[in-house]
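Novice: Shown below is the structure under consideration.
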Amino acid sequence: MSYLPLPSRRAPKALVLGALALALLALLAAGSGAIDIPVSEIPALLWGRASDDLRQTWQSVLLDVRLPRIALALAVGASLAMAGCVLQAVFRNPLAEPGLIGASSGAALAATLARVMLPGMAVAPAAFAGSLLATWLAWAIGRGQDAGRLLLAGVAINALAGGGLSLLTYLADETALRGSTLWALGSLAGAGWTQLAWLLPVLGICLALMWREYRALDALLLGEREAWHLGYELTGLRRRLVTLSALTVALTVSVCGALGFVGLIAPHLARLLLGPGHRHLLPGAALLGAACLLVADWLARTVVVPSELPIGAVLSVVGAPFFLFLLVRARKQVA
């Protein structure tokens, strides 16, 4: 796969412009929804006191509903994109993605099992265990093989997790059944500041630890032997990176369900813009992943107002054709 990398001196400027564009996108999303809020009023609503009933309503919607949801979309999108970027380097496979290799569905199955069968068990640890098991299983099956072997492993894991989710849905009571739809369809509707208070720091630590390994990720792209000659201990490195990726995916699944294709689309677009070097690729993918999920959530809550589309369906409508395009492109390059 060929890329058009930017010179390193231009990449930081591109990242700054991307961050500014993302901030503008978030501002526009904050004003759109079932209740439209004029963008010009948002700064006053954030830092001032509402002067009348209408502005009090706007302020309540903005602070209690819109901003937590936007913050969650940005954090989850960035996390899934960076996890996908790391997995593609670890597996040396451009089609590796948390959803396609079964990491998201494994986390969703384990999280649902914890909610339905073991209500006293914390959801996040269960999701981490499921994500880690699915990721290692896909890697063990597809290791050293072409992309098709890895994707077939992902299909099998996703099918197994889908069957398990269907069975748990059948066994669940009404309360657990309503909650289980979160894992199947994905939703950011439950975002709140209490949830974000613990989620954002943990995700931030995971992303920082993954970014610290950008030199090792560059070495992995050269091949196992080359990375070993450069001084990297591959077994421990892979274990560390896969564990961080699985933890990141598990945290996102535990709060908003399984969301596919973000970890596939964002890294590919980032490579086209910034080149394959992970020092700039990882933050670039994070910015694009945040923007991707923010736009998907924006569409999900505005297209059929006052109802809301499943965000997982919105992502699939865009992501599936993109995935097919990558498969066709890879086939032409091989031919």
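Labels used: A, B, ... for chains in the order of the structure tokens, numbers from 1 for residues in each chain, and numbers from 1 for ligands as shown.
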Among stretch 79-258 of chain A, which residues does DSSP mark as helix (DSSP H, G or I) when it is run on the backbone? Keep the chain and numbering as in the structure and answer as number ranges by chain.
Specialist: A: 79-91, 103-116, 123-142, 147-171, 174-185, 193-211, 214-222, 224-229, 234-256
Novice: Fewer than 3 positions away in the same chain doesn't count, so skip those; otherwise give me all residues within 8 Å of stretch 282-297 of chain A, counting only C-alpha atoms, as an mmCIF file with C-alpha atoms, in the first residue's frame.
Specialist:
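Ended up saving to selection38.cif:
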data_model
loop_
_atom_site.group_PDB
_atom_site.id
_atom_site.type_symbol
_atom_site.label_atom_id
_atom_site.label_comp_id
_atom_site.auth_asym_id
_atom_site.auth_seq_id
_atom_site.Cartn_x
_atom_site.Cartn_y
_atom_site.Cartn_z
ATOM 1 C CA LEU A 15 -2.120 18.172 13.429
ATOM 2 C CA GLY A 18 -6.834 19.205 12.498
ATOM 3 C CA ALA A 19 -7.304 19.970 16.194
ATOM 4 C CA LEU A 22 -12.214 19.310 15.348
ATOM 5 C CA LEU A 25 -16.894 20.699 14.496
ATOM 6 C CA ALA A 26 -17.605 20.093 18.185
ATOM 7 C CA ALA A 29 -22.456 19.772 17.001
ATOM 8 C CA ILE A 70 -19.621 15.294 22.651
ATOM 9 C CA ALA A 73 -17.691 10.833 21.327
ATOM 10 C CA LEU A 74 -14.310 12.538 21.047
ATOM 11 C CA ALA A 75 -12.684 10.297 23.657
ATOM 12 C CA VAL A 76 -14.123 7.029 22.329
ATOM 13 C CA GLY A 77 -13.443 7.899 18.687
ATOM 14 C CA ALA A 78 -9.828 8.838 19.408
ATOM 15 C CA SER A 79 -9.318 5.699 21.505
ATOM 16 C CA LEU A 80 -10.740 3.285 18.932
ATOM 17 C CA ALA A 81 -8.733 4.905 16.145
ATOM 18 C CA MET A 82 -5.461 4.707 18.041
ATOM 19 C CA CYS A 85 -3.631 1.874 14.386
ATOM 20 C CA LEU A 188 -23.676 7.615 23.521
ATOM 21 C CA TRP A 211 2.038 6.758 21.754
ATOM 22 C CA TYR A 214 5.820 4.896 18.309
ATOM 23 C CA VAL A 262 -13.676 3.764 13.431
ATOM 24 C CA GLY A 263 -10.409 1.923 14.037
ATOM 25 C CA ILE A 265 -11.200 4.307 8.614
ATOM 26 C CA ALA A 266 -9.259 6.810 10.737
ATOM 27 C CA PRO A 267 -5.791 5.156 10.565
ATOM 28 C CA LEU A 269 -6.985 8.377 6.239
ATOM 29 C CA ALA A 270 -4.265 9.492 8.638
ATOM 30 C CA LEU A 274 0.675 12.120 7.417
ATOM 31 C CA HIS A 278 3.701 6.541 14.058
ATOM 32 C CA ARG A 279 4.982 9.629 15.871
ATOM 33 C CA ALA A 300 -27.654 9.779 14.621
ATOM 34 C CA ARG A 301 -29.372 12.347 16.836
ATOM 35 C CA ILE A 311 -24.895 5.020 16.040
ATOM 36 C CA VAL A 314 -24.594 4.919 11.006
ATOM 37 C CA LEU A 315 -20.974 3.794 11.286
#
Novice: Which one is closest to A:Pro321: A:Leu222, A:Thr302, A:Leu165, A:Leu264? Count only C-alpha atoms.
Specialist: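 For A:Pro321, the nearest of the given residues is A:Leu264.
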Novice: List as a JSON list (two decimals) with C-alpha atoms, in the first residue's frame the protein and nucleic acid residues near stretch 46-60 of chain A, meaning an atom at most 8 Å away when only C-alpha atoms are counted, but skip any in the same chain fewer than 4 places from it.
Specialist:
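Just written: result.json:
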[["chain", "number", "residue", "atom", "x", "y", "z"],
["A", 35, "ILE", "CA", -33.39, 21.75, 20.57],
["A", 37, "ILE", "CA", -28.93, 26.34, 20.26],
["A", 42, "ILE", "CA", -22.75, 28.98, 23.42],
["A", 64, "ASP", "CA", -26.05, 18.33, 31.05],
["A", 65, "VAL", "CA", -26.67, 16.57, 27.72]]
Novice: Take atom CA of A:Leu217 and atom CA of A:Leu324 and report the distance between them in Å, one decimal.
Specialist: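 Pair atom CA of A:Leu217 / atom CA of A:Leu324 returns 25.9 Å.
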Novice: Show me a table, sorted first by chain and then by increasing residue number, of the residues of stretch 198-271 of chain A having an atom at most 8 Å from stretch 101-110 of chain A, each with its shortest atom pair and the distance in Å to one decimal, counting only C-alpha atoms and written as a tab-separated table.
Specialist:
residue	atom	partner	partner_atom	distance
A:Ala246	CA	A:Ala103	CA	6.9
A:Val249	CA	A:Ser104	CA	6.4
A:Ala250	CA	A:Ala107	CA	5.6
A:Val253	CA	A:Ala108	CA	6.2
A:Ser254	CA	A:Ala108	CA	7.5
A:Gly257	CA	A:Ala108	CA	6.5
A:Ala258	CA	A:Ser104	CA	5.3
A:Leu259	CA	A:Ser104	CA	7.3
A:Gly260	CA	A:Ser104	CA	7.6
Novice: If we count only C-alpha atoms, what is near stretch 32-34 of chain A at a cut-off of 10 Å, once residues fewer than 5 positions away on the same chain are taken out, given as a PDB file with all heavy atoms, in the first residue's frame?
Specialist:
ATOM      1  N   LEU A  27     -18.102  22.480  18.247  1.00  0.00           N
ATOM      2  CA  LEU A  27     -18.931  23.649  18.530  1.00  0.00           C
ATOM      3  C   LEU A  27     -20.232  23.609  17.732  1.00  0.00           C
ATOM      4  O   LEU A  27     -21.316  23.883  18.261  1.00  0.00           O
ATOM      5  CB  LEU A  27     -18.150  24.923  18.211  1.00  0.00           C
ATOM      6  CG  LEU A  27     -18.847  26.252  18.512  1.00  0.00           C
ATOM      7  CD1 LEU A  27     -19.110  26.411  19.993  1.00  0.00           C
ATOM      8  CD2 LEU A  27     -18.022  27.424  17.979  1.00  0.00           C
ATOM      9  N   VAL A  39     -25.118  29.035  17.830  1.00  0.00           N
ATOM     10  CA  VAL A  39     -23.701  28.902  18.150  1.00  0.00           C
ATOM     11  C   VAL A  39     -23.166  30.161  18.828  1.00  0.00           C
ATOM     12  O   VAL A  39     -22.302  30.092  19.714  1.00  0.00           O
ATOM     13  CB  VAL A  39     -22.900  28.585  16.865  1.00  0.00           C
ATOM     14  CG1 VAL A  39     -21.402  28.606  17.138  1.00  0.00           C
ATOM     15  CG2 VAL A  39     -23.321  27.235  16.296  1.00  0.00           C
ATOM     16  N   VAL A  61     -29.575  21.994  28.555  1.00  0.00           N
ATOM     17  CA  VAL A  61     -29.342  21.020  27.484  1.00  0.00           C
ATOM     18  C   VAL A  61     -27.861  20.959  27.130  1.00  0.00           C
ATOM     19  O   VAL A  61     -27.287  19.876  26.950  1.00  0.00           O
ATOM     20  CB  VAL A  61     -30.191  21.381  26.247  1.00  0.00           C
ATOM     21  CG1 VAL A  61     -29.776  20.530  25.043  1.00  0.00           C
ATOM     22  CG2 VAL A  61     -31.671  21.189  26.532  1.00  0.00           C
ATOM     23  N   ARG A  66     -25.534  17.779  25.931  1.00  0.00           N
ATOM     24  CA  ARG A  66     -24.722  17.864  24.718  1.00  0.00           C
ATOM     25  C   ARG A  66     -23.226  17.732  24.997  1.00  0.00           C
ATOM     26  O   ARG A  66     -22.538  16.920  24.351  1.00  0.00           O
ATOM     27  CB  ARG A  66     -24.973  19.202  24.010  1.00  0.00           C
ATOM     28  CG  ARG A  66     -26.393  19.374  23.493  1.00  0.00           C
ATOM     29  CD  ARG A  66     -26.550  18.885  22.072  1.00  0.00           C
ATOM     30  NE  ARG A  66     -27.966  18.911  21.718  1.00  0.00           N
ATOM     31  CZ  ARG A  66     -28.592  19.999  21.276  1.00  0.00           C
ATOM     32  NH1 ARG A  66     -27.926  21.134  21.120  1.00  0.00           N
ATOM     33  NH2 ARG A  66     -29.876  19.932  20.971  1.00  0.00           N
ATOM     34  N   TRP A 298     -23.596  12.926  15.664  1.00  0.00           N
ATOM     35  CA  TRP A 298     -24.336  14.116  15.237  1.00  0.00           C
ATOM     36  C   TRP A 298     -25.457  13.717  14.284  1.00  0.00           C
ATOM     37  O   TRP A 298     -26.611  14.145  14.438  1.00  0.00           O
ATOM     38  CB  TRP A 298     -23.352  15.074  14.582  1.00  0.00           C
ATOM     39  CG  TRP A 298     -23.869  16.454  14.295  1.00  0.00           C
ATOM     40  CD1 TRP A 298     -25.132  16.935  14.525  1.00  0.00           C
ATOM     41  CD2 TRP A 298     -23.126  17.529  13.729  1.00  0.00           C
ATOM     42  NE1 TRP A 298     -25.220  18.243  14.131  1.00  0.00           N
ATOM     43  CE2 TRP A 298     -23.997  18.634  13.649  1.00  0.00           C
ATOM     44  CE3 TRP A 298     -21.820  17.675  13.292  1.00  0.00           C
ATOM     45  CZ2 TRP A 298     -23.590  19.863  13.121  1.00  0.00           C
ATOM     46  CZ3 TRP A 298     -21.414  18.892  12.780  1.00  0.00           C
ATOM     47  CH2 TRP A 298     -22.287  19.963  12.702  1.00  0.00           C
ATOM     48  N   LEU A 299     -25.142  12.888  13.285  1.00  0.00           N
ATOM     49  CA  LEU A 299     -26.154  12.428  12.352  1.00  0.00           C
ATOM     50  C   LEU A 299     -27.198  11.556  13.048  1.00  0.00           C
ATOM     51  O   LEU A 299     -28.400  11.669  12.773  1.00  0.00           O
ATOM     52  CB  LEU A 299     -25.498  11.641  11.219  1.00  0.00           C
ATOM     53  CG  LEU A 299     -24.599  12.437  10.268  1.00  0.00           C
ATOM     54  CD1 LEU A 299     -23.897  11.496   9.294  1.00  0.00           C
ATOM     55  CD2 LEU A 299     -25.406  13.486   9.511  1.00  0.00           C
ATOM     56  N   ALA A 300     -26.734  10.700  13.953  1.00  0.00           N
ATOM     57  CA  ALA A 300     -27.654   9.779  14.621  1.00  0.00           C
ATOM     58  C   ALA A 300     -28.733  10.510  15.410  1.00  0.00           C
ATOM     59  O   ALA A 300     -29.874  10.052  15.482  1.00  0.00           O
ATOM     60  CB  ALA A 300     -26.870   8.845  15.545  1.00  0.00           C
ATOM     61  N   ARG A 301     -28.401  11.650  15.992  1.00  0.00           N
ATOM     62  CA  ARG A 301     -29.372  12.347  16.836  1.00  0.00           C
ATOM     63  C   ARG A 301     -30.076  13.509  16.147  1.00  0.00           C
ATOM     64  O   ARG A 301     -30.929  14.163  16.768  1.00  0.00           O
ATOM     65  CB  ARG A 301     -28.701  12.843  18.108  1.00  0.00           C
ATOM     66  CG  ARG A 301     -27.560  13.805  17.927  1.00  0.00           C
ATOM     67  CD  ARG A 301     -26.913  14.149  19.269  1.00  0.00           C
ATOM     68  NE  ARG A 301     -25.728  14.981  19.124  1.00  0.00           N
ATOM     69  CZ  ARG A 301     -25.754  16.294  18.971  1.00  0.00           C
ATOM     70  NH1 ARG A 301     -26.923  16.932  18.949  1.00  0.00           N
ATOM     71  NH2 ARG A 301     -24.637  16.988  18.843  1.00  0.00           N
ATOM     72  N   THR A 302     -29.758  13.771  14.873  1.00  0.00           N
ATOM     73  CA  THR A 302     -30.400  14.894  14.185  1.00  0.00           C
ATOM     74  C   THR A 302     -31.181  14.495  12.936  1.00  0.00           C
ATOM     75  O   THR A 302     -32.047  15.249  12.500  1.00  0.00           O
ATOM     76  CB  THR A 302     -29.354  15.954  13.779  1.00  0.00           C
ATOM     77  OG1 THR A 302     -28.341  15.351  12.964  1.00  0.00           O
ATOM     78  CG2 THR A 302     -28.715  16.585  15.006  1.00  0.00           C
ATOM     79  N   VAL A 303     -30.883  13.330  12.356  1.00  0.00           N
ATOM     80  CA  VAL A 303     -31.524  12.969  11.083  1.00  0.00           C
ATOM     81  C   VAL A 303     -33.007  12.697  11.257  1.00  0.00           C
ATOM     82  O   VAL A 303     -33.832  13.083  10.419  1.00  0.00           O
ATOM     83  CB  VAL A 303     -30.818  11.752  10.460  1.00  0.00           C
ATOM     84  CG1 VAL A 303     -31.620  11.202   9.284  1.00  0.00           C
ATOM     85  CG2 VAL A 303     -29.416  12.132  10.013  1.00  0.00           C
ATOM     86  N   VAL A 304     -33.404  12.034  12.337  1.00  0.00           N
ATOM     87  CA  VAL A 304     -34.810  11.659  12.530  1.00  0.00           C
ATOM     88  C   VAL A 304     -35.347  12.241  13.843  1.00  0.00           C
ATOM     89  O   VAL A 304     -36.023  11.551  14.595  1.00  0.00           O
ATOM     90  CB  VAL A 304     -34.990  10.125  12.498  1.00  0.00           C
ATOM     91  CG1 VAL A 304     -34.776   9.584  11.110  1.00  0.00           C
ATOM     92  CG2 VAL A 304     -34.057   9.456  13.501  1.00  0.00           C
ATOM     93  N   VAL A 305     -35.019  13.495  14.108  1.00  0.00           N
ATOM     94  CA  VAL A 305     -35.507  14.163  15.326  1.00  0.00           C
ATOM     95  C   VAL A 305     -37.024  14.056  15.409  1.00  0.00           C
ATOM     96  O   VAL A 305     -37.719  14.244  14.398  1.00  0.00           O
ATOM     97  CB  VAL A 305     -35.068  15.650  15.291  1.00  0.00           C
ATOM     98  CG1 VAL A 305     -35.708  16.425  16.427  1.00  0.00           C
ATOM     99  CG2 VAL A 305     -33.557  15.749  15.369  1.00  0.00           C
ATOM    100  N   PRO A 306     -37.615  13.725  16.582  1.00  0.00           N
ATOM    101  CA  PRO A 306     -36.983  13.605  17.896  1.00  0.00           C
ATOM    102  C   PRO A 306     -36.447  12.204  18.220  1.00  0.00           C
ATOM    103  O   PRO A 306     -35.975  11.990  19.320  1.00  0.00           O
ATOM    104  CB  PRO A 306     -38.117  13.963  18.846  1.00  0.00           C
ATOM    105  CG  PRO A 306     -39.337  13.455  18.159  1.00  0.00           C
ATOM    106  CD  PRO A 306     -39.090  13.661  16.687  1.00  0.00           C
ATOM    107  N   SER A 307     -36.579  11.253  17.279  1.00  0.00           N
ATOM    108  CA  SER A 307     -36.020   9.920  17.514  1.00  0.00           C
ATOM    109  C   SER A 307     -34.507   9.950  17.298  1.00  0.00           C
ATOM    110  O   SER A 307     -33.935  10.985  16.925  1.00  0.00           O
ATOM    111  CB  SER A 307     -36.671   8.897  16.583  1.00  0.00           C
ATOM    112  OG  SER A 307     -38.068   8.833  16.807  1.00  0.00           O
ATOM    113  N   GLU A 308     -33.879   8.800  17.498  1.00  0.00           N
ATOM    114  CA  GLU A 308     -32.424   8.728  17.370  1.00  0.00           C
ATOM    115  C   GLU A 308     -32.046   7.433  16.684  1.00  0.00           C
ATOM    116  O   GLU A 308     -32.544   6.358  17.027  1.00  0.00           O
ATOM    117  CB  GLU A 308     -31.778   8.814  18.756  1.00  0.00           C
ATOM    118  CG  GLU A 308     -30.268   8.839  18.727  1.00  0.00           C
ATOM    119  CD  GLU A 308     -29.685   9.066  20.109  1.00  0.00           C
ATOM    120  OE1 GLU A 308     -30.205   9.935  20.844  1.00  0.00           O
ATOM    121  OE2 GLU A 308     -28.709   8.364  20.467  1.00  0.00           O
TER     122      GLU A 308
END
Novice: Mind giving me the straight-line distance from atom CA of A:Arg239 to atom CA of A:Ala122 in Å, one decimal?
Specialist: 23.9 Å
Novice: Env of stretch 150-156 of chain A: 12 Å cut, atoms = only C-alpha atoms, seq-sep filter 5 positions within chain, self excluded. Answer as a VMD selection string.
Specialist: chain A and resid 87 to 88 91 to 106 134 to 145 161 to 163 323 327
Novice: Write the residues of the selection above to a file with N, CA and C atoms, as a compact mmCIF listing (two decimals), in the first residue's frame.
Specialist:
# COMPACT_ATOMS: atom_id res chain seq x y z
N LEU A 87 -3.01 -2.00 16.49
CA LEU A 87 -3.23 -3.39 16.10
C LEU A 87 -2.77 -3.65 14.67
N GLN A 88 -2.94 -2.67 13.78
CA GLN A 88 -2.49 -2.85 12.41
C GLN A 88 -0.98 -2.99 12.34
N PHE A 91 -0.03 -6.56 14.11
CA PHE A 91 -0.35 -7.69 13.24
C PHE A 91 0.29 -7.55 11.86
N ARG A 92 0.86 -6.36 11.58
CA ARG A 92 1.38 -6.05 10.25
C ARG A 92 0.32 -6.33 9.19
N ASN A 93 -0.86 -5.86 9.47
CA ASN A 93 -2.02 -6.11 8.61
C ASN A 93 -2.86 -4.84 8.55
N PRO A 94 -3.00 -4.20 7.39
CA PRO A 94 -3.73 -2.94 7.30
C PRO A 94 -5.24 -3.08 7.52
N LEU A 95 -5.74 -4.31 7.58
CA LEU A 95 -7.17 -4.52 7.77
C LEU A 95 -7.53 -4.90 9.20
N ALA A 96 -6.53 -4.95 10.06
CA ALA A 96 -6.82 -5.23 11.47
C ALA A 96 -7.55 -4.04 12.08
N GLU A 97 -8.61 -4.34 12.82
CA GLU A 97 -9.42 -3.31 13.45
C GLU A 97 -10.18 -3.96 14.59
N PRO A 98 -10.38 -3.25 15.72
CA PRO A 98 -11.02 -3.91 16.88
C PRO A 98 -12.32 -4.61 16.56
N GLY A 99 -13.14 -4.03 15.69
CA GLY A 99 -14.41 -4.67 15.36
C GLY A 99 -14.24 -5.86 14.43
N LEU A 100 -13.36 -5.74 13.45
CA LEU A 100 -13.23 -6.80 12.45
C LEU A 100 -12.55 -8.04 12.98
N ILE A 101 -11.64 -7.89 13.95
CA ILE A 101 -10.95 -9.06 14.49
C ILE A 101 -11.63 -9.61 15.74
N GLY A 102 -12.77 -9.04 16.11
CA GLY A 102 -13.56 -9.61 17.21
C GLY A 102 -13.32 -9.02 18.57
N ALA A 103 -12.41 -8.02 18.69
CA ALA A 103 -12.12 -7.45 20.01
C ALA A 103 -13.35 -6.76 20.59
N SER A 104 -14.07 -6.00 19.77
CA SER A 104 -15.24 -5.28 20.26
C SER A 104 -16.38 -6.24 20.62
N SER A 105 -16.61 -7.23 19.76
CA SER A 105 -17.70 -8.17 20.04
C SER A 105 -17.36 -9.05 21.23
N GLY A 106 -16.09 -9.40 21.39
CA GLY A 106 -15.70 -10.17 22.58
C GLY A 106 -15.93 -9.39 23.85
N ALA A 134 -10.41 -12.31 22.83
CA ALA A 134 -10.74 -12.31 21.40
C ALA A 134 -9.55 -11.83 20.56
N THR A 135 -8.84 -10.80 21.03
CA THR A 135 -7.71 -10.27 20.28
C THR A 135 -6.58 -11.28 20.18
N TRP A 136 -6.25 -11.91 21.30
CA TRP A 136 -5.18 -12.91 21.27
C TRP A 136 -5.58 -14.13 20.43
N LEU A 137 -6.86 -14.51 20.47
CA LEU A 137 -7.31 -15.64 19.67
C LEU A 137 -7.19 -15.34 18.18
N ALA A 138 -7.62 -14.13 17.77
CA ALA A 138 -7.50 -13.75 16.36
C ALA A 138 -6.03 -13.72 15.93
N TRP A 139 -5.17 -13.20 16.80
CA TRP A 139 -3.75 -13.13 16.46
C TRP A 139 -3.14 -14.53 16.36
N ALA A 140 -3.51 -15.42 17.28
CA ALA A 140 -2.96 -16.78 17.26
C ALA A 140 -3.37 -17.53 16.00
N ILE A 141 -4.61 -17.30 15.55
CA ILE A 141 -5.09 -18.00 14.35
C ILE A 141 -4.49 -17.40 13.09
N GLY A 142 -4.42 -16.07 13.03
CA GLY A 142 -3.98 -15.40 11.81
C GLY A 142 -2.51 -15.07 11.75
N ARG A 143 -1.74 -15.41 12.77
CA ARG A 143 -0.32 -15.05 12.81
C ARG A 143 0.45 -15.67 11.66
N GLY A 144 1.21 -14.81 10.99
CA GLY A 144 2.06 -15.29 9.91
C GLY A 144 1.30 -15.60 8.63
N GLN A 145 0.01 -15.29 8.59
CA GLN A 145 -0.79 -15.59 7.41
C GLN A 145 -1.18 -14.29 6.71
N ALA A 161 -19.59 -14.51 19.19
CA ALA A 161 -20.06 -13.49 20.13
C ALA A 161 -21.49 -13.09 19.83
N GLY A 162 -21.85 -13.00 18.54
CA GLY A 162 -23.22 -12.66 18.18
C GLY A 162 -24.20 -13.71 18.65
N GLY A 163 -23.83 -14.99 18.50
CA GLY A 163 -24.69 -16.05 19.01
C GLY A 163 -24.84 -16.00 20.52
N PHE A 323 -14.50 -0.50 3.85
CA PHE A 323 -13.80 -1.77 4.02
C PHE A 323 -13.76 -2.55 2.70
N LEU A 327 -10.49 -3.82 0.46
CA LEU A 327 -10.29 -5.18 -0.01
C LEU A 327 -10.04 -5.21 -1.52
Novice: Which residue out of A:Pro12, A:Gly275, A:Gly312, A:Pro68 has the minimum interatomic distance to A:Leu196 when only C-alpha atoms are used?
Specialist: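 Going through A:Pro12, A:Gly275, A:Gly312, A:Pro68 one by one, the smallest distance to A:Leu196 is for A:Pro68.
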Novice: Tell me which of A:Met210, A:Leu67, A:Val328, A:Leu273 sits closest to A:Ala83, counting only C-alpha atoms.
Specialist: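 Of A:Met210, A:Leu67, A:Val328, A:Leu273, the one nearest A:Ala83 is A:Met210, counting only C-alpha atoms.
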Novice: Mind checking which residues fall within 12 Å of A:Gln195, counting only C-alpha atoms, ignoring those fewer than 3 positions away in the same chain, and posting them as JSON, numbers by chain?
Specialist: {"A": [68, 69, 71, 72, 188, 190, 191, 192, 198, 199, 200, 201, 202, 251, 252, 254, 255, 256]}
